[in-house]
Structure formats: structure tokens, C-alpha cells
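Novice: File start_23.pdb below, PDB, C-alpha atoms:
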ATOM      1  CA  MET A  23       0.000   0.000   0.000  1.00  0.00           C
ATOM      2  CA  GLY A  24       1.725   3.188  -1.210  1.00  0.00           C
ATOM      3  CA  LEU A  25       1.302   6.788  -0.175  1.00  0.00           C
ATOM      4  CA  ASP A  26      -0.362   9.067  -2.707  1.00  0.00           C
ATOM      5  CA  SER A  27       0.506  12.770  -2.958  1.00  0.00           C
ATOM      6  CA  SER A  28      -2.570  13.970  -1.043  1.00  0.00           C
ATOM      7  CA  ARG A  29      -1.718  11.664   1.858  1.00  0.00           C
ATOM      8  CA  ILE A  30       1.881  12.897   1.865  1.00  0.00           C
ATOM      9  CA  ARG A  31       0.706  16.548   1.859  1.00  0.00           C
ATOM     10  CA  SER A  32      -1.641  15.779   4.746  1.00  0.00           C
ATOM     11  CA  LEU A  33       1.165  14.177   6.773  1.00  0.00           C
ATOM     12  CA  LEU A  34       3.546  17.078   6.046  1.00  0.00           C
ATOM     13  CA  LEU A  35       0.892  19.634   7.042  1.00  0.00           C
ATOM     14  CA  SER A  36       0.201  17.741  10.263  1.00  0.00           C
ATOM     15  CA  ALA A  37       3.925  17.624  11.075  1.00  0.00           C
ATOM     16  CA  PHE A  38       4.259  21.366  10.316  1.00  0.00           C
ATOM     17  CA  LEU A  39       1.297  22.269  12.569  1.00  0.00           C
ATOM     18  CA  LEU A  40       2.621  20.068  15.370  1.00  0.00           C
ATOM     19  CA  GLY A  41       5.965  21.821  14.995  1.00  0.00           C
ATOM     20  CA  LEU A  42       4.275  25.203  15.410  1.00  0.00           C
ATOM     21  CA  VAL A  43       2.514  24.100  18.575  1.00  0.00           C
ATOM     22  CA  VAL A  44       5.719  22.685  20.067  1.00  0.00           C
ATOM     23  CA  SER A  45       7.763  25.746  19.009  1.00  0.00           C
ATOM     24  CA  PHE A  46       5.529  28.280  20.774  1.00  0.00           C
ATOM     25  CA  PRO A  47       4.697  26.926  24.205  1.00  0.00           C
ATOM     26  CA  GLY A  48       3.317  29.272  26.843  1.00  0.00           C
ATOM     27  CA  CYS A  49       1.468  31.628  24.527  1.00  0.00           C
ATOM     28  CA  GLY A  50      -1.622  31.470  26.700  1.00  0.00           C
ATOM     29  CA  ARG A  51      -2.986  33.507  29.533  1.00  0.00           C
ATOM     30  CA  ILE A  52      -4.717  32.600  32.760  1.00  0.00           C
ATOM     31  CA  GLN A  53      -8.341  33.656  33.220  1.00  0.00           C
ATOM     32  CA  VAL A  54     -10.080  33.810  36.585  1.00  0.00           C
ATOM     33  CA  SER A  55     -13.868  34.165  36.594  1.00  0.00           C
ATOM     34  CA  GLY A  56     -16.625  34.459  39.131  1.00  0.00           C
ATOM     35  CA  GLY A  57     -19.823  36.244  39.947  1.00  0.00           C
ATOM     36  CA  GLU A  58     -22.309  37.225  42.591  1.00  0.00           C
ATOM     37  CA  ASP A  59     -26.058  37.760  42.645  1.00  0.00           C
ATOM     38  CA  SER A  60     -27.739  40.846  44.046  1.00  0.00           C
ATOM     39  CA  PRO A  61     -29.411  40.254  47.450  1.00  0.00           C
ATOM     40  CA  ASP A  62     -32.872  40.176  45.819  1.00  0.00           C
ATOM     41  CA  LYS A  63     -31.532  37.771  43.149  1.00  0.00           C
ATOM     42  CA  LYS A  64     -32.810  40.036  40.320  1.00  0.00           C
ATOM     43  CA  TYR A  65     -29.330  40.796  38.935  1.00  0.00           C
ATOM     44  CA  SER A  66     -25.983  39.057  38.609  1.00  0.00           C
ATOM     45  CA  LEU A  67     -22.455  40.371  38.372  1.00  0.00           C
ATOM     46  CA  GLY A  68     -19.950  38.515  36.206  1.00  0.00           C
ATOM     47  CA  VAL A  69     -16.205  39.188  36.510  1.00  0.00           C
ATOM     48  CA  CYS A  70     -13.529  37.672  34.280  1.00  0.00           C
ATOM     49  CA  THR A  71      -9.918  38.689  34.865  1.00  0.00           C
ATOM     50  CA  ALA A  72      -7.375  37.690  32.217  1.00  0.00           C
ATOM     51  CA  GLY A  73      -3.706  37.759  33.127  1.00  0.00           C
ATOM     52  CA  ALA A  74      -0.917  38.882  30.814  1.00  0.00           C
ATOM     53  CA  TYR A  75       0.247  36.557  28.055  1.00  0.00           C
ATOM     54  CA  ASN A  76       3.251  34.390  28.959  1.00  0.00           C
ATOM     55  CA  HIS A  77       3.127  35.296  32.670  1.00  0.00           C
ATOM     56  CA  ALA A  78       1.945  33.617  35.823  1.00  0.00           C
ATOM     57  CA  TYR A  79      -1.275  35.166  37.129  1.00  0.00           C
ATOM     58  CA  TYR A  80       0.474  36.280  40.348  1.00  0.00           C
ATOM     59  CA  ASP A  81       3.108  38.254  38.393  1.00  0.00           C
ATOM     60  CA  ASN A  82       2.722  42.028  38.759  1.00  0.00           C
ATOM     61  CA  THR A  83       1.401  42.685  35.238  1.00  0.00           C
ATOM     62  CA  LEU A  84      -1.425  44.436  33.442  1.00  0.00           C
ATOM     63  CA  LYS A  85      -4.572  42.350  33.470  1.00  0.00           C
ATOM     64  CA  THR A  86      -7.838  42.753  31.573  1.00  0.00           C
ATOM     65  CA  VAL A  87     -10.963  42.808  33.720  1.00  0.00           C
ATOM     66  CA  ASN A  88     -14.322  42.223  32.030  1.00  0.00           C
ATOM     67  CA  ILE A  89     -17.397  43.260  34.013  1.00  0.00           C
ATOM     68  CA  SER A  90     -20.930  42.303  33.042  1.00  0.00           C
ATOM     69  CA  ILE A  91     -24.165  42.884  34.899  1.00  0.00           C
ATOM     70  CA  TYR A  92     -27.214  41.039  33.662  1.00  0.00           C
ATOM     71  CA  THR A  93     -30.698  39.971  34.677  1.00  0.00           C
ATOM     72  CA  ASN A  94     -30.987  36.822  36.723  1.00  0.00           C
ATOM     73  CA  ASP A  95     -34.366  35.811  35.330  1.00  0.00           C
ATOM     74  CA  GLY A  96     -33.283  33.022  33.002  1.00  0.00           C
ATOM     75  CA  ARG A  97     -33.020  35.326  29.957  1.00  0.00           C
ATOM     76  CA  TRP A  98     -29.643  36.769  31.059  1.00  0.00           C
ATOM     77  CA  THR A  99     -30.216  40.190  29.471  1.00  0.00           C
ATOM     78  CA  GLU A 100     -27.024  42.281  29.606  1.00  0.00           C
ATOM     79  CA  LEU A 101     -27.544  45.546  31.472  1.00  0.00           C
ATOM     80  CA  PHE A 102     -23.891  46.665  31.536  1.00  0.00           C
ATOM     81  CA  VAL A 103     -20.658  45.439  29.922  1.00  0.00           C
ATOM     82  CA  GLN A 104     -17.226  47.052  30.174  1.00  0.00           C
ATOM     83  CA  SER A 105     -13.536  46.103  30.075  1.00  0.00           C
ATOM     84  CA  TYR A 106     -10.825  47.672  32.210  1.00  0.00           C
ATOM     85  CA  ARG A 107      -7.056  47.327  32.597  1.00  0.00           C
ATOM     86  CA  VAL A 108      -5.528  46.977  36.051  1.00  0.00           C
ATOM     87  CA  ARG A 109      -1.970  46.298  37.191  1.00  0.00           C
ATOM     88  CA  GLY A 110      -1.507  43.877  40.023  1.00  0.00           C
ATOM     89  CA  SER A 111      -0.443  40.468  41.254  1.00  0.00           C
ATOM     90  CA  ASP A 112      -2.958  37.681  41.818  1.00  0.00           C
ATOM     91  CA  VAL A 113      -5.852  40.142  41.413  1.00  0.00           C
ATOM     92  CA  GLY A 114      -8.991  39.311  43.360  1.00  0.00           C
ATOM     93  CA  TRP A 115     -12.219  41.189  43.953  1.00  0.00           C
ATOM     94  CA  ASN A 116     -15.073  41.737  46.371  1.00  0.00           C
ATOM     95  CA  CYS A 117     -18.420  43.330  45.724  1.00  0.00           C
ATOM     96  CA  ALA A 118     -21.232  44.891  47.695  1.00  0.00           C
ATOM     97  CA  TRP A 119     -24.800  45.439  46.531  1.00  0.00           C
ATOM     98  CA  ASP A 120     -26.970  48.022  48.307  1.00  0.00           C
ATOM     99  CA  GLU A 121     -30.735  47.999  48.872  1.00  0.00           C
ATOM    100  CA  HIS A 122     -31.311  49.957  45.618  1.00  0.00           C
ATOM    101  CA  ASP A 123     -29.394  47.406  43.489  1.00  0.00           C
ATOM    102  CA  ASN A 124     -26.378  49.705  43.200  1.00  0.00           C
ATOM    103  CA  LEU A 125     -23.069  47.879  43.132  1.00  0.00           C
ATOM    104  CA  THR A 126     -19.484  48.509  44.266  1.00  0.00           C
ATOM    105  CA  VAL A 127     -16.671  46.244  43.041  1.00  0.00           C
ATOM    106  CA  ILE A 128     -13.229  46.493  44.666  1.00  0.00           C
ATOM    107  CA  PHE A 129     -10.183  44.908  43.011  1.00  0.00           C
ATOM    108  CA  HIS A 130      -7.234  44.044  45.249  1.00  0.00           C
ATOM    109  CA  ASP A 131      -4.042  42.052  45.576  1.00  0.00           C
ATOM    110  CA  TYR A 132      -1.479  41.464  48.353  1.00  0.00           C
ATOM    111  CA  GLY A 133       1.483  43.161  46.693  1.00  0.00           C
ATOM    112  CA  PRO A 134       3.836  42.286  43.846  1.00  0.00           C
ATOM    113  CA  GLY A 135       4.556  38.599  43.478  1.00  0.00           C
ATOM    114  CA  VAL A 136       2.315  37.471  46.361  1.00  0.00           C
ATOM    115  CA  SER A 137      -0.181  34.723  45.598  1.00  0.00           C
ATOM    116  CA  HIS A 138      -3.253  34.376  47.810  1.00  0.00           C
ATOM    117  CA  TYR A 139      -2.487  30.637  47.945  1.00  0.00           C
ATOM    118  CA  ASP A 140       0.745  31.380  49.845  1.00  0.00           C
ATOM    119  CA  LEU A 141      -0.931  33.459  52.553  1.00  0.00           C
ATOM    120  CA  GLU A 142      -1.098  32.403  56.152  1.00  0.00           C
ATOM    121  CA  LYS A 143      -2.888  33.909  59.134  1.00  0.00           C
ATOM    122  CA  ASP A 144      -0.341  36.760  59.410  1.00  0.00           C
ATOM    123  CA  SER A 145      -0.756  37.715  55.766  1.00  0.00           C
ATOM    124  CA  PRO A 146      -0.225  41.225  54.457  1.00  0.00           C
ATOM    125  CA  PRO A 147      -3.332  43.396  54.140  1.00  0.00           C
ATOM    126  CA  LYS A 148      -5.159  43.597  50.858  1.00  0.00           C
ATOM    127  CA  ARG A 149      -3.903  46.356  48.595  1.00  0.00           C
ATOM    128  CA  ILE A 150      -6.776  48.172  46.847  1.00  0.00           C
ATOM    129  CA  ILE A 151      -6.076  48.433  43.112  1.00  0.00           C
ATOM    130  CA  ARG A 152      -9.312  49.945  41.825  1.00  0.00           C
ATOM    131  CA  THR A 153     -12.852  50.616  42.992  1.00  0.00           C
ATOM    132  CA  LEU A 154     -15.754  50.649  40.528  1.00  0.00           C
ATOM    133  CA  ARG A 155     -19.281  51.820  41.289  1.00  0.00           C
ATOM    134  CA  TYR A 156     -22.411  51.105  39.291  1.00  0.00           C
ATOM    135  CA  GLN A 157     -25.819  52.684  39.777  1.00  0.00           C
ATOM    136  CA  PHE A 158     -29.051  51.089  38.636  1.00  0.00           C
ATOM    137  CA  ASP A 159     -31.363  53.418  36.676  1.00  0.00           C
ATOM    138  CA  PRO A 160     -34.897  52.005  37.060  1.00  0.00           C
ATOM    139  CA  LYS A 161     -36.259  54.199  34.252  1.00  0.00           C
ATOM    140  CA  LYS A 162     -33.804  52.829  31.697  1.00  0.00           C
ATOM    141  CA  GLY A 163     -33.489  49.391  33.308  1.00  0.00           C
ATOM    142  CA  LYS A 164     -29.690  49.642  32.947  1.00  0.00           C
ATOM    143  CA  PHE A 165     -26.616  50.114  35.115  1.00  0.00           C
ATOM    144  CA  THR A 166     -24.271  53.084  34.624  1.00  0.00           C
ATOM    145  CA  GLU A 167     -20.768  53.548  35.919  1.00  0.00           C
ATOM    146  CA  GLN A 168     -20.320  56.275  38.525  1.00  0.00           C
TER     147      GLN A 168
END
Written as C-alpha cells, that's how I'd like the structure from this file.

Specialist:
Amino acid sequence: MGLDSSRIRSLLLSAFLLGLVVSFPGCGRIQVSGGEDSPDKKYSLGVCTAGAYNHAYYDNTLKTVNISIYTNDGRWTELFVQSYRVRGSDVGWNCAWDEHDNLTVIFHDYGPGVSHYDLEKDSPPKRIIRTLRYQFDPKKGKFTEQ
């Protein structure tokens, strides 16, 4: 059973593509995602933080933070979407909803090169990187950034 030219081209292309994958390891980036519902469960916050390419997430680098606020009624209607850039190590976040469905999101880390996995009871305090505030406009049914 011989190899025809199309089979040879297919094998060469496969070998070339495998070579590309092996030649460029580490071209990815780490993404950390999470969310939290409003106290009345009407709205949800989604946060996705993407680290810098070719760096560990806990490296002190610029990261892209994607914020989305949407309805929590099964239709998932987007009410706010925005991307931000923050510099920090192992960036985490906390949020607080108020009784009027307004939202505050605080991004933090523990200082350059410190991973939250390495922390013990005498850990350094959180370092605030950025605070974002969103107000719900009931007339428009949307959130706006303050």
C-alpha cells in the first residue's frame, strides 16, 4: 500500500502544525472568573480577569478585567458590559450590593509577586487596586458607571 501525494501533503501539514505548537509553548494567559447575585436575586455580576500573556497570574502585570451585569431571570439580558485594565499580582475582587441594586466592586491584591495561595494567618493586608461603582437606573433598566 503506497502513499499518494494527497496523503503525503496531509502528513507534512500535520507535522508542520505540530511543529508550530511545540515551538511556541506558553502563549496562553490565565483567566479567573466568578460572579455574585444581588441580594434580591434580580441581577448578577460577572467578573472575568485575564492575566498577561506568557506570565503567571500572580506576576505584577497588566490584566484585563471584564465586568458584566445582567438579569438573573433566566433570559440573562445584559444591562452593563465594560472592560478595564488593572496592574496587580494575583488580582482578586469583592463586591457589595446596596438595597437599591447599586453595586461597588473592589479589586485588590497582596502586593507584587504574592499569591493568595501562599498566605497564612499573618498575611499582608489587601492592597486596593481599583474601585468601581455602578448605579441602577430604574427608568432605563440599565446600570451606569459612577

Novice: Could you expand the PyMOL selection byres ((chain A and resi 167) around 8) into the explicit residues it covers here, written as a ChimeraX atom specification?

Specialist: /A:154-157,165-166,168

Novice: Can you write just those residues out, C-alpha atoms, as a CSV table (one decimal), in the coordinates of the input?

Specialist:
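Output (selection_32.csv):
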chain,number,residue,atom,x,y,z
A,154,LEU,CA,-15.8,50.6,40.5
A,155,ARG,CA,-19.3,51.8,41.3
A,156,TYR,CA,-22.4,51.1,39.3
A,157,GLN,CA,-25.8,52.7,39.8
A,165,PHE,CA,-26.6,50.1,35.1
A,166,THR,CA,-24.3,53.1,34.6
A,168,GLN,CA,-20.3,56.3,38.5

Novice: Applied to the shown file, which residues does the PyMOL selection byres ((chain A and resi 86-98) around 8) return, written as a list in words?

Specialist: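 This file gives the following for the PyMOL selection byres ((chain A and resi 86-98) around 8): Asp59, Lys63, Lys64, Tyr65, Ser66, Leu67, Gly68, Val69, Cys70, Thr71, Ala72, Gly73, Ala74, Leu84, Lys85, Thr99, Glu100, Leu101, Phe102, Val103, Gln104, Ser105, Tyr106, Arg107, Val108 and Phe165 of chain A.
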
Novice: Which value, in Å to one decimal, gives the distance between atom CA of A:Lys148 and atom CA of A:Ala78?

Specialist: 19.4 Å

Novice: For A:Gly110, which of A:Ser137, A:Ser55, A:Thr83, A:Thr153 is the closest residue, counting all atoms listed in the file?

Specialist: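 Closest residue, counting all atoms listed in the file: A:Thr83.
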
Novice: Please measure the separation of atom CA of A:Val54 and atom CA of A:His122, giving the value in Å to one decimal.

Specialist: 28.2 Å

Novice: Go through A:Gly114, A:Pro160, A:Pro146, A:Gly135 one by one, measure the shortest atom-to-atom distance of each to A:Asn82 using all atoms listed in the file, and give the residue with the smallest value.

Specialist: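 Looking only at the distances to A:Asn82, the closest residue turns out to be A:Gly135.
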
Novice: Distance atom CA of A:Trp119-atom CA of A:Pro61, one decimal place?

Specialist: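 That distance, rounded to one decimal, is 7.0 Å.
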
Novice: Near A:Cys117, counting only C-alpha atoms, which residues have an atom at most 8 Å away, once you skip same-chain residues fewer than 2 positions from it, shown as an MDAnalysis selection string?

Specialist: chainID A and resid 58 115 119 125:128

Novice: For A:Asp120, which of A:Gly57, A:His77, A:Tyr139, A:Phe158 is the closest residue, counting only C-alpha atoms?

Specialist: A:Phe158

Novice: Measuring atom to atom with all atoms listed in the file, identify which of A:Ile150, A:Lys162, A:Asp81, A:Asn116 is nearest to A:His130.

Specialist: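 Among the listed residues, A:Ile150 lies closest to A:His130.
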
Novice: Pick from A:Arg152, A:His138, A:Lys161, A:Arg51: nearest to A:Tyr75, with only C-alpha atoms counted?

Specialist: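 So, comparing all the options, the nearest one is A:Arg51.
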
Novice: Write a file for stretch 90-108 of chain A of the given structure; include N, CA and C atoms and format it as a short mmCIF file (atom, residue, chain, number, x, y, z; two decimals), in the first residue's frame.

Specialist:
data_model
loop_
_atom_site.label_atom_id
_atom_site.label_comp_id
_atom_site.auth_asym_id
_atom_site.auth_seq_id
_atom_site.Cartn_x
_atom_site.Cartn_y
_atom_site.Cartn_z
N SER A 90 -19.60 42.34 33.65
CA SER A 90 -20.93 42.30 33.04
C SER A 90 -21.96 42.20 34.15
N ILE A 91 -23.03 42.95 33.98
CA ILE A 91 -24.16 42.88 34.90
C ILE A 91 -25.37 42.52 34.04
N TYR A 92 -26.11 41.54 34.48
CA TYR A 92 -27.21 41.04 33.66
C TYR A 92 -28.37 40.60 34.55
N THR A 93 -29.53 40.42 33.93
CA THR A 93 -30.70 39.97 34.68
C THR A 93 -30.51 38.52 35.09
N ASN A 94 -31.10 38.18 36.19
CA ASN A 94 -30.99 36.82 36.72
C ASN A 94 -32.35 36.13 36.64
N ASP A 95 -33.02 36.34 35.50
CA ASP A 95 -34.37 35.81 35.33
C ASP A 95 -34.45 34.66 34.33
N GLY A 96 -33.30 34.11 33.98
CA GLY A 96 -33.28 33.02 33.00
C GLY A 96 -33.06 33.50 31.58
N ARG A 97 -33.27 34.78 31.30
CA ARG A 97 -33.02 35.33 29.96
C ARG A 97 -31.63 35.93 29.86
N TRP A 98 -31.01 36.25 30.98
CA TRP A 98 -29.64 36.77 31.06
C TRP A 98 -29.43 38.00 30.18
N THR A 99 -30.33 38.96 30.25
CA THR A 99 -30.22 40.19 29.47
C THR A 99 -29.08 41.04 30.04
N GLU A 100 -28.15 41.44 29.16
CA GLU A 100 -27.02 42.28 29.61
C GLU A 100 -27.51 43.70 29.88
N LEU A 101 -27.17 44.20 31.07
CA LEU A 101 -27.54 45.55 31.47
C LEU A 101 -26.34 46.47 31.55
N PHE A 102 -25.13 45.89 31.55
CA PHE A 102 -23.89 46.67 31.54
C PHE A 102 -22.76 45.73 31.17
N VAL A 103 -21.86 46.19 30.29
CA VAL A 103 -20.66 45.44 29.92
C VAL A 103 -19.52 46.44 29.71
N GLN A 104 -18.38 46.16 30.33
CA GLN A 104 -17.23 47.05 30.17
C GLN A 104 -15.95 46.28 30.48
N SER A 105 -14.86 46.66 29.80
CA SER A 105 -13.54 46.10 30.08
C SER A 105 -12.65 47.19 30.66
N TYR A 106 -11.76 46.77 31.55
CA TYR A 106 -10.83 47.67 32.21
C TYR A 106 -9.44 47.03 32.20
N ARG A 107 -8.41 47.84 32.43
CA ARG A 107 -7.06 47.33 32.60
C ARG A 107 -6.61 47.70 34.01
N VAL A 108 -6.07 46.73 34.72
CA VAL A 108 -5.53 46.98 36.05
C VAL A 108 -4.15 46.33 36.13
#
